[in-house]
Amino acid sequence: MKFVNEYRSPKIAQEYVAEIARITTRPWKIMEICGGQTHSIVKYGIDKLLPAQITLIHGPGCPVCVTSVDLIDQAIALAALPEVIFCTFGDMLRIPGSERKDLRSLKAQGGDVRIIYSPLDAVKIALQNPDRQVVFFAVGFETTVPTTAMAVYQASQLEIENFSALVAHVLVPPAMETILASSENCVQGFLAAGHVCTITGYEDYLEIALQYDIPIVITGFEPVDILQGIYMCIKQLEAGIVEVENQYSRSVSYEGNQTAQQLIREVFETTSRQWRGIGMIEESGLKLRDRYSKFDAEKRFNLKDHQTQESSDCISGLILQGIKKPTQCEAFGKKCTPENPLGAPMVSSEGACAAYYRYRQLVFS
């Protein structure tokens with residue numbers, strides 16, 4: 001398979017659906033980690049094709065959704081400073097912070113908020129604007145960390161004094177362990193995010209699988225990828241086997257991208273980080289090492305004492321942990337819509353609530 005159409009083949013998809021139905025003998029609950037996988041599942045109706053015994057649970061793999069409200073508020077405060085050019089990915093503009101404020105509203109009010117496609121663009125902007133402070137909002141899982149690391153490394157090599165990063169990077173394996181260790185956990189198998197493992201490899205997943213006695217299948221994002229991943233996971237569950245398998249072998253190797261890993265280790269070290277709606281997860285985030293701390297926006301602008309407030313109507317934390325589905329939220333489609341979001345999952349391109357709202361065409365009373 002070399003072309004995308006093959007991964008969307010109805011014939012191959014139907015074959016996997018039939019095989020899944022043939023081997024399934026009892027109820028199973030499988031969590032897809034990544035919001036990109038969630039969108040594919042809902043968009044193509046994959047969950048509707050599966051036997052009734054199989055329940056797909058949506059995981060916390062939306063980096064925009066899990067960025068803490070504290071950091072969103074810090075970003076808004078930074079972007080409001082007249083000397084700051086605030087650079088961010090487009091996904092972050094509409095994420096509500098405290099009191100429903102967001103970066104898009106701030107931009108409309110005159111804030112210098114710029115959408116970029118690479119952290120290296122922020123470094124270029126810093127070079128072009130030596131009289132302004134340029135701050136990059138570094139959000140994402142292991143997938144986006146290497147480019148942030150390269151931006152900081154490049155700024156260091158070029159001795160740029162007006163560039164810094166507001167770091168919100170988080171790591172997938174600690175979140176998986178938090179879910180599995182919870183008393184409310186009902187996950188029996190994982191579809192792990194293929195693009196994350198392209199960077200990290202999957203050695204770390206072996207320990208999780210064995211410790212928690214749970215099958216993990218590294219899976220891509222197209223319909224056939226996901227159906228094949230579900231088939232591999234069900235096959236293990238039915239046989240009572242616990243392994244880490246790699247469905248996404250066209251992109252993921254066991255050891256991952258070692259050049260990227262080396263760059264990440266050069267620039268970052270792990271730290272405990274607050275996940276929006278979930279809480280503090282030990283060693284689940286990244287922060288700049290001391291030798292790069294001059295590029296830390298939190299330290300440069302002394303943002304530590306910011307007060308935050310979360311919407312009491314939003315149950316995104318329960319949705320991100322797979323405890324509830326978006327349609328089980330009383331505010332879904334009523335008080336909370338893409339035009340008027342209470343929480344990040346309703347407006348993020350990887351948010352579970354956005355997927356249900358966009359693809360399920362639900363009628364709201």
# chains A, B, ... in the order shown; residues from 1 in each chain; ligands from 1
$ closest_atom_pairs --of "stretch 174-233 of chain A" --to "stretch 283-299 of chain A" --cutoff "10 Å" --atoms "only C-alpha atoms" --output "CSV"
residue,atom,partner,partner_atom,distance
A:Pro174,CA,A:Ser284,CA,5.4
A:Ala175,CA,A:Ser284,CA,7.0
A:Thr178,CA,A:Ser284,CA,9.9
$ write_last_selection --atoms "all heavy atoms" --output "PDB file, in the first residue's frame"
ATOM      1  N   PRO A 174       2.825   8.818  30.097  1.00  0.00           N
ATOM      2  CA  PRO A 174       2.323   9.075  31.458  1.00  0.00           C
ATOM      3  C   PRO A 174       0.803   9.224  31.516  1.00  0.00           C
ATOM      4  O   PRO A 174       0.179   8.828  32.518  1.00  0.00           O
ATOM      5  CB  PRO A 174       3.021  10.386  31.850  1.00  0.00           C
ATOM      6  CG  PRO A 174       4.244  10.443  30.999  1.00  0.00           C
ATOM      7  CD  PRO A 174       3.828   9.830  29.700  1.00  0.00           C
ATOM      8  N   ALA A 175       0.203   9.770  30.446  1.00  0.00           N
ATOM      9  CA  ALA A 175      -1.268   9.892  30.426  1.00  0.00           C
ATOM     10  C   ALA A 175      -1.917   8.518  30.334  1.00  0.00           C
ATOM     11  O   ALA A 175      -2.944   8.256  30.978  1.00  0.00           O
ATOM     12  CB  ALA A 175      -1.699  10.768  29.255  1.00  0.00           C
ATOM     13  N   THR A 178      -1.813   7.008  33.743  1.00  0.00           N
ATOM     14  CA  THR A 178      -2.785   7.642  34.637  1.00  0.00           C
ATOM     15  C   THR A 178      -4.178   7.060  34.420  1.00  0.00           C
ATOM     16  O   THR A 178      -4.911   6.779  35.387  1.00  0.00           O
ATOM     17  CB  THR A 178      -2.806   9.168  34.402  1.00  0.00           C
ATOM     18  OG1 THR A 178      -1.528   9.702  34.750  1.00  0.00           O
ATOM     19  CG2 THR A 178      -3.880   9.847  35.238  1.00  0.00           C
TER      20      THR A 178
END
$ closest_atom_pairs --of "stretch 223-259 of chain A" --to "stretch 185-203 of chain A" --cutoff "7 Å" --atoms "only C-alpha atoms" --output "Markdown table"
| residue | atom | partner | partner_atom | distance |
| --- | --- | --- | --- | --- |
| A:Gly229 | CA | A:Leu191 | CA | 6.6 |
| A:Cys233 | CA | A:Gly189 | CA | 6.5 |
| A:Tyr248 | CA | A:Gly194 | CA | 6.1 |
| A:Ser251 | CA | A:Thr198 | CA | 6.0 |
| A:Val252 | CA | A:Thr198 | CA | 4.5 |
| A:Ser253 | CA | A:Gly201 | CA | 5.7 |
| A:Tyr254 | CA | A:Gly201 | CA | 4.7 |
| A:Glu255 | CA | A:Gly201 | CA | 4.5 |
| A:Gly256 | CA | A:Gly201 | CA | 3.6 |
| A:Asn257 | CA | A:Ile199 | CA | 4.8 |
$ write_last_selection --atoms "all heavy atoms" --output "short mmCIF file (atom, residue, chain, number, x, y, z; two decimals), in the first residue's frame"
data_model
loop_
_atom_site.label_atom_id
_atom_site.label_comp_id
_atom_site.auth_asym_id
_atom_site.auth_seq_id
_atom_site.Cartn_x
_atom_site.Cartn_y
_atom_site.Cartn_z
N GLY A 229 -5.98 -2.02 13.13
CA GLY A 229 -5.51 -1.91 14.51
C GLY A 229 -6.51 -2.52 15.48
O GLY A 229 -6.13 -3.23 16.43
N CYS A 233 -5.92 -5.76 17.92
CA CYS A 233 -6.15 -5.64 19.37
C CYS A 233 -7.15 -6.69 19.85
O CYS A 233 -6.93 -7.36 20.87
CB CYS A 233 -6.65 -4.23 19.67
SG CYS A 233 -6.53 -3.77 21.41
N TYR A 248 1.40 0.41 12.10
CA TYR A 248 1.81 1.58 11.30
C TYR A 248 3.29 1.46 10.90
O TYR A 248 4.05 2.41 11.00
CB TYR A 248 1.60 2.83 12.15
CG TYR A 248 1.42 4.13 11.39
CD1 TYR A 248 0.64 4.22 10.25
CD2 TYR A 248 2.02 5.30 11.87
CE1 TYR A 248 0.46 5.42 9.60
CE2 TYR A 248 1.85 6.51 11.22
CZ TYR A 248 1.06 6.57 10.08
OH TYR A 248 0.89 7.76 9.43
N SER A 251 5.59 3.82 8.83
CA SER A 251 6.12 5.08 9.37
C SER A 251 6.89 4.88 10.68
O SER A 251 7.82 5.63 10.96
CB SER A 251 4.95 6.05 9.62
OG SER A 251 5.41 7.26 10.16
N VAL A 252 6.53 3.86 11.45
CA VAL A 252 7.07 3.70 12.81
C VAL A 252 8.07 2.55 12.86
O VAL A 252 7.80 1.45 12.36
CB VAL A 252 5.92 3.42 13.80
CG1 VAL A 252 6.47 3.08 15.18
CG2 VAL A 252 4.99 4.62 13.89
N SER A 253 9.22 2.82 13.47
CA SER A 253 10.19 1.77 13.76
C SER A 253 10.28 1.59 15.28
O SER A 253 9.86 2.46 16.04
CB SER A 253 11.57 2.13 13.19
OG SER A 253 12.07 3.28 13.85
N TYR A 254 10.84 0.49 15.70
CA TYR A 254 10.92 0.21 17.14
C TYR A 254 11.69 1.31 17.88
O TYR A 254 11.30 1.74 18.96
CB TYR A 254 11.61 -1.14 17.36
CG TYR A 254 11.83 -1.50 18.81
CD1 TYR A 254 10.78 -1.95 19.60
CD2 TYR A 254 13.09 -1.38 19.40
CE1 TYR A 254 10.97 -2.28 20.93
CE2 TYR A 254 13.29 -1.69 20.73
CZ TYR A 254 12.23 -2.14 21.49
OH TYR A 254 12.43 -2.45 22.82
N GLU A 255 12.78 1.76 17.28
CA GLU A 255 13.63 2.75 17.96
C GLU A 255 13.22 4.19 17.69
O GLU A 255 13.69 5.11 18.38
CB GLU A 255 15.11 2.56 17.57
CG GLU A 255 15.43 2.86 16.11
CD GLU A 255 15.16 1.68 15.19
OE1 GLU A 255 14.62 0.65 15.65
OE2 GLU A 255 15.50 1.78 14.00
N GLY A 256 12.32 4.43 16.71
CA GLY A 256 11.87 5.79 16.42
C GLY A 256 12.94 6.63 15.72
O GLY A 256 13.91 6.10 15.18
N ASN A 257 12.73 7.93 15.73
CA ASN A 257 13.66 8.87 15.09
C ASN A 257 14.71 9.30 16.11
O ASN A 257 14.48 10.18 16.93
CB ASN A 257 12.87 10.08 14.58
CG ASN A 257 13.74 11.05 13.79
OD1 ASN A 257 14.94 11.18 14.05
ND2 ASN A 257 13.14 11.73 12.84
#
$ residues_around --residues "A:Phe221" --least-positions-apart "5" --cutoff "7 Å" --atoms "only C-alpha atoms" --output "list in words"
Gly36, Gln37, Ser40 and Ile226 of chain A
$ closest_atom_pairs --of "stretch 110-218 of chain A" --to "stretch 268-273 of chain A" --cutoff "10 Å" --atoms "only C-alpha atoms" --output "JSON lines"
{"residue": "A:Val145", "atom": "CA", "partner": "A:Phe268", "partner_atom": "CA", "distance": 9.1}
{"residue": "A:Pro146", "atom": "CA", "partner": "A:Phe268", "partner_atom": "CA", "distance": 9.9}
{"residue": "A:Thr148", "atom": "CA", "partner": "A:Phe268", "partner_atom": "CA", "distance": 9.8}
{"residue": "A:Ala149", "atom": "CA", "partner": "A:Phe268", "partner_atom": "CA", "distance": 7.4}
{"residue": "A:Val152", "atom": "CA", "partner": "A:Phe268", "partner_atom": "CA", "distance": 9.9}
{"residue": "A:Ala168", "atom": "CA", "partner": "A:Arg273", "partner_atom": "CA", "distance": 8.3}
{"residue": "A:His169", "atom": "CA", "partner": "A:Arg273", "partner_atom": "CA", "distance": 8.8}
{"residue": "A:Val170", "atom": "CA", "partner": "A:Arg273", "partner_atom": "CA", "distance": 7.4}
{"residue": "A:Leu171", "atom": "CA", "partner": "A:Thr270", "partner_atom": "CA", "distance": 9.0}
{"residue": "A:Pro174", "atom": "CA", "partner": "A:Ser272", "partner_atom": "CA", "distance": 9.9}
$ select_by_dssp --residues "stretch 25-226 of chain A" --states "alpha helix (DSSP H)" --output "number ranges by chain"
A: 35-43, 46-49, 63-66, 69-79, 103-108, 119-128, 145-157, 172-181, 194-200, 203-212, 223-226
$ residues_around --residues "stretch 134-143 of chain A" --least-positions-apart "3" --cutoff "6 Å" --atoms "only C-alpha atoms" --output "ChimeraX atom specification"
/A:63,84-88,126,162-171,196
$ write_last_selection --atoms "C-alpha atoms" --output "CSV table (one decimal), in the first residue's frame"
chain,number,residue,atom,x,y,z
A,63,PRO,CA,-2.8,18.4,22.7
A,84,VAL,CA,5.2,41.2,22.2
A,85,ILE,CA,4.6,39.4,18.9
A,86,PHE,CA,2.8,36.3,19.9
A,87,CYS,CA,3.2,33.3,17.5
A,88,THR,CA,0.9,30.3,17.6
A,126,ALA,CA,12.4,37.5,15.9
A,162,ASN,CA,14.2,38.5,21.7
A,163,PHE,CA,12.9,35.0,21.1
A,164,SER,CA,11.3,32.8,23.8
A,165,ALA,CA,8.8,29.9,24.1
A,166,LEU,CA,5.8,29.4,26.4
A,167,VAL,CA,6.2,25.6,26.7
A,168,ALA,CA,3.1,23.5,27.1
A,169,HIS,CA,4.5,20.2,25.6
A,170,VAL,CA,3.1,17.0,27.1
A,171,LEU,CA,3.9,13.3,26.8
A,196,VAL,CA,3.9,10.0,18.2
$ residues_around --residues "A:Val244" --least-positions-apart "6" --cutoff "7 Å" --atoms "only C-alpha atoms" --output "list of chain:residue names"
A:Tyr205, A:Leu206, A:Ala209, A:Pro215, A:Ile216, A:Val217
$ closest_residue --among "A:Asp47, A:Glu161, A:Asp121, A:Glu19" --to "A:Met232" --atoms "only C-alpha atoms"
A:Glu19
$ closest_residue --among "A:Leu237, A:Ile230, A:Leu93, A:Ala79" --to "A:Tyr16" --atoms "only C-alpha atoms"
A:Ile230
$ atom_distance --atom1 "atom CA of A:Leu127" --atom2 "atom CA of A:Val113"
16.8 Å
$ atom_distance --atom1 "atom CA of A:Ile323" --atom2 "atom CA of A:Tyr356"
15.9 Å
$ closest_residue --among "A:Val17, A:Met31, A:Tyr359, A:Asp204" --to "A:Thr219" --atoms "only C-alpha atoms"
A:Met31
$ residues_around --residues "A:Val224" --least-positions-apart "2" --cutoff "7 Å" --atoms "only C-alpha atoms" --output "MDAnalysis selection string"
chainID A and resid 7:8 12:13 222 226:228
$ write_last_selection --atoms "C-alpha atoms" --output "CSV table (one decimal), in the first residue's frame"
chain,number,residue,atom,x,y,z
A,7,TYR,CA,-6.1,3.0,3.1
A,8,ARG,CA,-9.6,4.2,2.4
A,12,ILE,CA,-10.5,-3.8,2.5
A,13,ALA,CA,-12.4,-2.0,5.2
A,222,GLU,CA,-6.9,6.2,7.8
A,226,ILE,CA,-7.8,1.9,12.4
A,227,LEU,CA,-9.9,-1.2,11.5
A,228,GLN,CA,-6.7,-3.2,11.1
$ closest_residue --among "A:Leu318, A:Val4, A:Cys62, A:Ala352" --to "A:Asp225" --atoms "only C-alpha atoms"
A:Val4
$ residues_around --residues "A:Met92" --least-positions-apart "5" --cutoff "8 Å" --atoms "only C-alpha atoms" --output "PyMOL selection string"
chain A and resi 64+103+348
$ write_last_selection --atoms "N, CA and C atoms" --output "compact mmCIF listing (two decimals), in the first residue's frame"
# COMPACT_ATOMS: atom_id res chain seq x y z
N VAL A 64 -4.17 20.29 22.05
CA VAL A 64 -4.81 21.58 22.27
C VAL A 64 -5.78 21.49 23.43
N LEU A 103 -7.46 33.88 22.28
CA LEU A 103 -6.46 34.65 21.52
C LEU A 103 -7.08 35.34 20.30
N SER A 348 -11.15 22.43 19.05
CA SER A 348 -9.90 21.89 18.51
C SER A 348 -10.18 20.97 17.31
$ closest_residue --among "A:Leu180, A:Leu71, A:Ala355, A:Ile214" --to "A:Gln236" --atoms "only C-alpha atoms"
A:Ile214
$ atom_distance --atom1 "atom CA of A:Tyr117" --atom2 "atom CA of A:Phe89"
6.3 Å
$ select_by_dssp --residues "stretch 257-336 of chain A" --states "strand (DSSP E)" --output "MDAnalysis selection string"
chainID A and resid 268:275 279:288
$ write_last_selection --atoms "N, CA, C and O atoms" --output "PDB file, in the first residue's frame"
ATOM      1  N   PHE A 268      15.348  19.752  26.156  1.00  0.00           N
ATOM      2  CA  PHE A 268      14.287  19.592  27.168  1.00  0.00           C
ATOM      3  C   PHE A 268      14.630  18.552  28.220  1.00  0.00           C
ATOM      4  O   PHE A 268      15.436  17.645  27.997  1.00  0.00           O
ATOM      5  N   GLU A 269      13.954  18.677  29.363  1.00  0.00           N
ATOM      6  CA  GLU A 269      13.918  17.631  30.376  1.00  0.00           C
ATOM      7  C   GLU A 269      12.476  17.478  30.842  1.00  0.00           C
ATOM      8  O   GLU A 269      11.653  18.388  30.659  1.00  0.00           O
ATOM      9  N   THR A 270      12.160  16.335  31.455  1.00  0.00           N
ATOM     10  CA  THR A 270      10.771  16.098  31.858  1.00  0.00           C
ATOM     11  C   THR A 270      10.417  16.890  33.115  1.00  0.00           C
ATOM     12  O   THR A 270      11.269  17.208  33.936  1.00  0.00           O
ATOM     13  N   THR A 271       9.134  17.168  33.239  1.00  0.00           N
ATOM     14  CA  THR A 271       8.597  17.859  34.413  1.00  0.00           C
ATOM     15  C   THR A 271       7.154  17.420  34.615  1.00  0.00           C
ATOM     16  O   THR A 271       6.514  16.910  33.679  1.00  0.00           O
ATOM     17  N   SER A 272       6.630  17.575  35.800  1.00  0.00           N
ATOM     18  CA  SER A 272       5.212  17.312  36.027  1.00  0.00           C
ATOM     19  C   SER A 272       4.391  18.442  35.410  1.00  0.00           C
ATOM     20  O   SER A 272       4.816  19.599  35.446  1.00  0.00           O
ATOM     21  N   ARG A 273       3.253  18.096  34.830  1.00  0.00           N
ATOM     22  CA  ARG A 273       2.479  19.138  34.153  1.00  0.00           C
ATOM     23  C   ARG A 273       0.980  18.956  34.402  1.00  0.00           C
ATOM     24  O   ARG A 273       0.493  17.832  34.490  1.00  0.00           O
ATOM     25  N   GLN A 274       0.291  20.065  34.511  1.00  0.00           N
ATOM     26  CA  GLN A 274      -1.156  20.100  34.682  1.00  0.00           C
ATOM     27  C   GLN A 274      -1.828  19.843  33.337  1.00  0.00           C
ATOM     28  O   GLN A 274      -1.502  20.501  32.342  1.00  0.00           O
ATOM     29  N   TRP A 275      -2.764  18.877  33.286  1.00  0.00           N
ATOM     30  CA  TRP A 275      -3.542  18.614  32.072  1.00  0.00           C
ATOM     31  C   TRP A 275      -4.941  19.187  32.272  1.00  0.00           C
ATOM     32  O   TRP A 275      -5.589  18.926  33.293  1.00  0.00           O
ATOM     33  N   GLY A 279      -5.912  17.155  35.547  1.00  0.00           N
ATOM     34  CA  GLY A 279      -5.121  17.453  36.738  1.00  0.00           C
ATOM     35  C   GLY A 279      -3.643  17.202  36.508  1.00  0.00           C
ATOM     36  O   GLY A 279      -3.191  16.979  35.375  1.00  0.00           O
ATOM     37  N   MET A 280      -2.902  17.223  37.592  1.00  0.00           N
ATOM     38  CA  MET A 280      -1.461  17.070  37.506  1.00  0.00           C
ATOM     39  C   MET A 280      -1.087  15.618  37.208  1.00  0.00           C
ATOM     40  O   MET A 280      -1.590  14.692  37.840  1.00  0.00           O
ATOM     41  N   ILE A 281      -0.206  15.415  36.233  1.00  0.00           N
ATOM     42  CA  ILE A 281       0.334  14.090  35.931  1.00  0.00           C
ATOM     43  C   ILE A 281       1.849  14.172  36.065  1.00  0.00           C
ATOM     44  O   ILE A 281       2.497  14.991  35.401  1.00  0.00           O
ATOM     45  N   GLU A 282       2.381  13.319  36.937  1.00  0.00           N
ATOM     46  CA  GLU A 282       3.812  13.352  37.212  1.00  0.00           C
ATOM     47  C   GLU A 282       4.629  13.055  35.950  1.00  0.00           C
ATOM     48  O   GLU A 282       4.310  12.141  35.193  1.00  0.00           O
ATOM     49  N   GLU A 283       5.671  13.823  35.743  1.00  0.00           N
ATOM     50  CA  GLU A 283       6.636  13.617  34.652  1.00  0.00           C
ATOM     51  C   GLU A 283       5.944  13.475  33.286  1.00  0.00           C
ATOM     52  O   GLU A 283       6.386  12.705  32.431  1.00  0.00           O
ATOM     53  N   SER A 284       4.885  14.249  33.090  1.00  0.00           N
ATOM     54  CA  SER A 284       4.127  14.143  31.840  1.00  0.00           C
ATOM     55  C   SER A 284       4.380  15.306  30.886  1.00  0.00           C
ATOM     56  O   SER A 284       3.758  15.372  29.831  1.00  0.00           O
ATOM     57  N   GLY A 285       5.265  16.210  31.260  1.00  0.00           N
ATOM     58  CA  GLY A 285       5.529  17.366  30.410  1.00  0.00           C
ATOM     59  C   GLY A 285       7.008  17.569  30.169  1.00  0.00           C
ATOM     60  O   GLY A 285       7.856  16.831  30.671  1.00  0.00           O
ATOM     61  N   LEU A 286       7.308  18.581  29.374  1.00  0.00           N
ATOM     62  CA  LEU A 286       8.695  18.941  29.094  1.00  0.00           C
ATOM     63  C   LEU A 286       8.919  20.404  29.454  1.00  0.00           C
ATOM     64  O   LEU A 286       8.017  21.232  29.290  1.00  0.00           O
ATOM     65  N   LYS A 287      10.123  20.683  29.952  1.00  0.00           N
ATOM     66  CA  LYS A 287      10.533  22.070  30.188  1.00  0.00           C
ATOM     67  C   LYS A 287      11.941  22.256  29.656  1.00  0.00           C
ATOM     68  O   LYS A 287      12.683  21.269  29.460  1.00  0.00           O
ATOM     69  N   LEU A 288      12.308  23.500  29.422  1.00  0.00           N
ATOM     70  CA  LEU A 288      13.646  23.782  28.889  1.00  0.00           C
ATOM     71  C   LEU A 288      14.706  23.479  29.943  1.00  0.00           C
ATOM     72  O   LEU A 288      14.524  23.769  31.128  1.00  0.00           O
TER      73      LEU A 288
END
$ closest_residue --among "A:Ala122, A:Ile234, A:Ala181, A:Ile218" --to "A:Ser249" --atoms "only C-alpha atoms"
A:Ile218
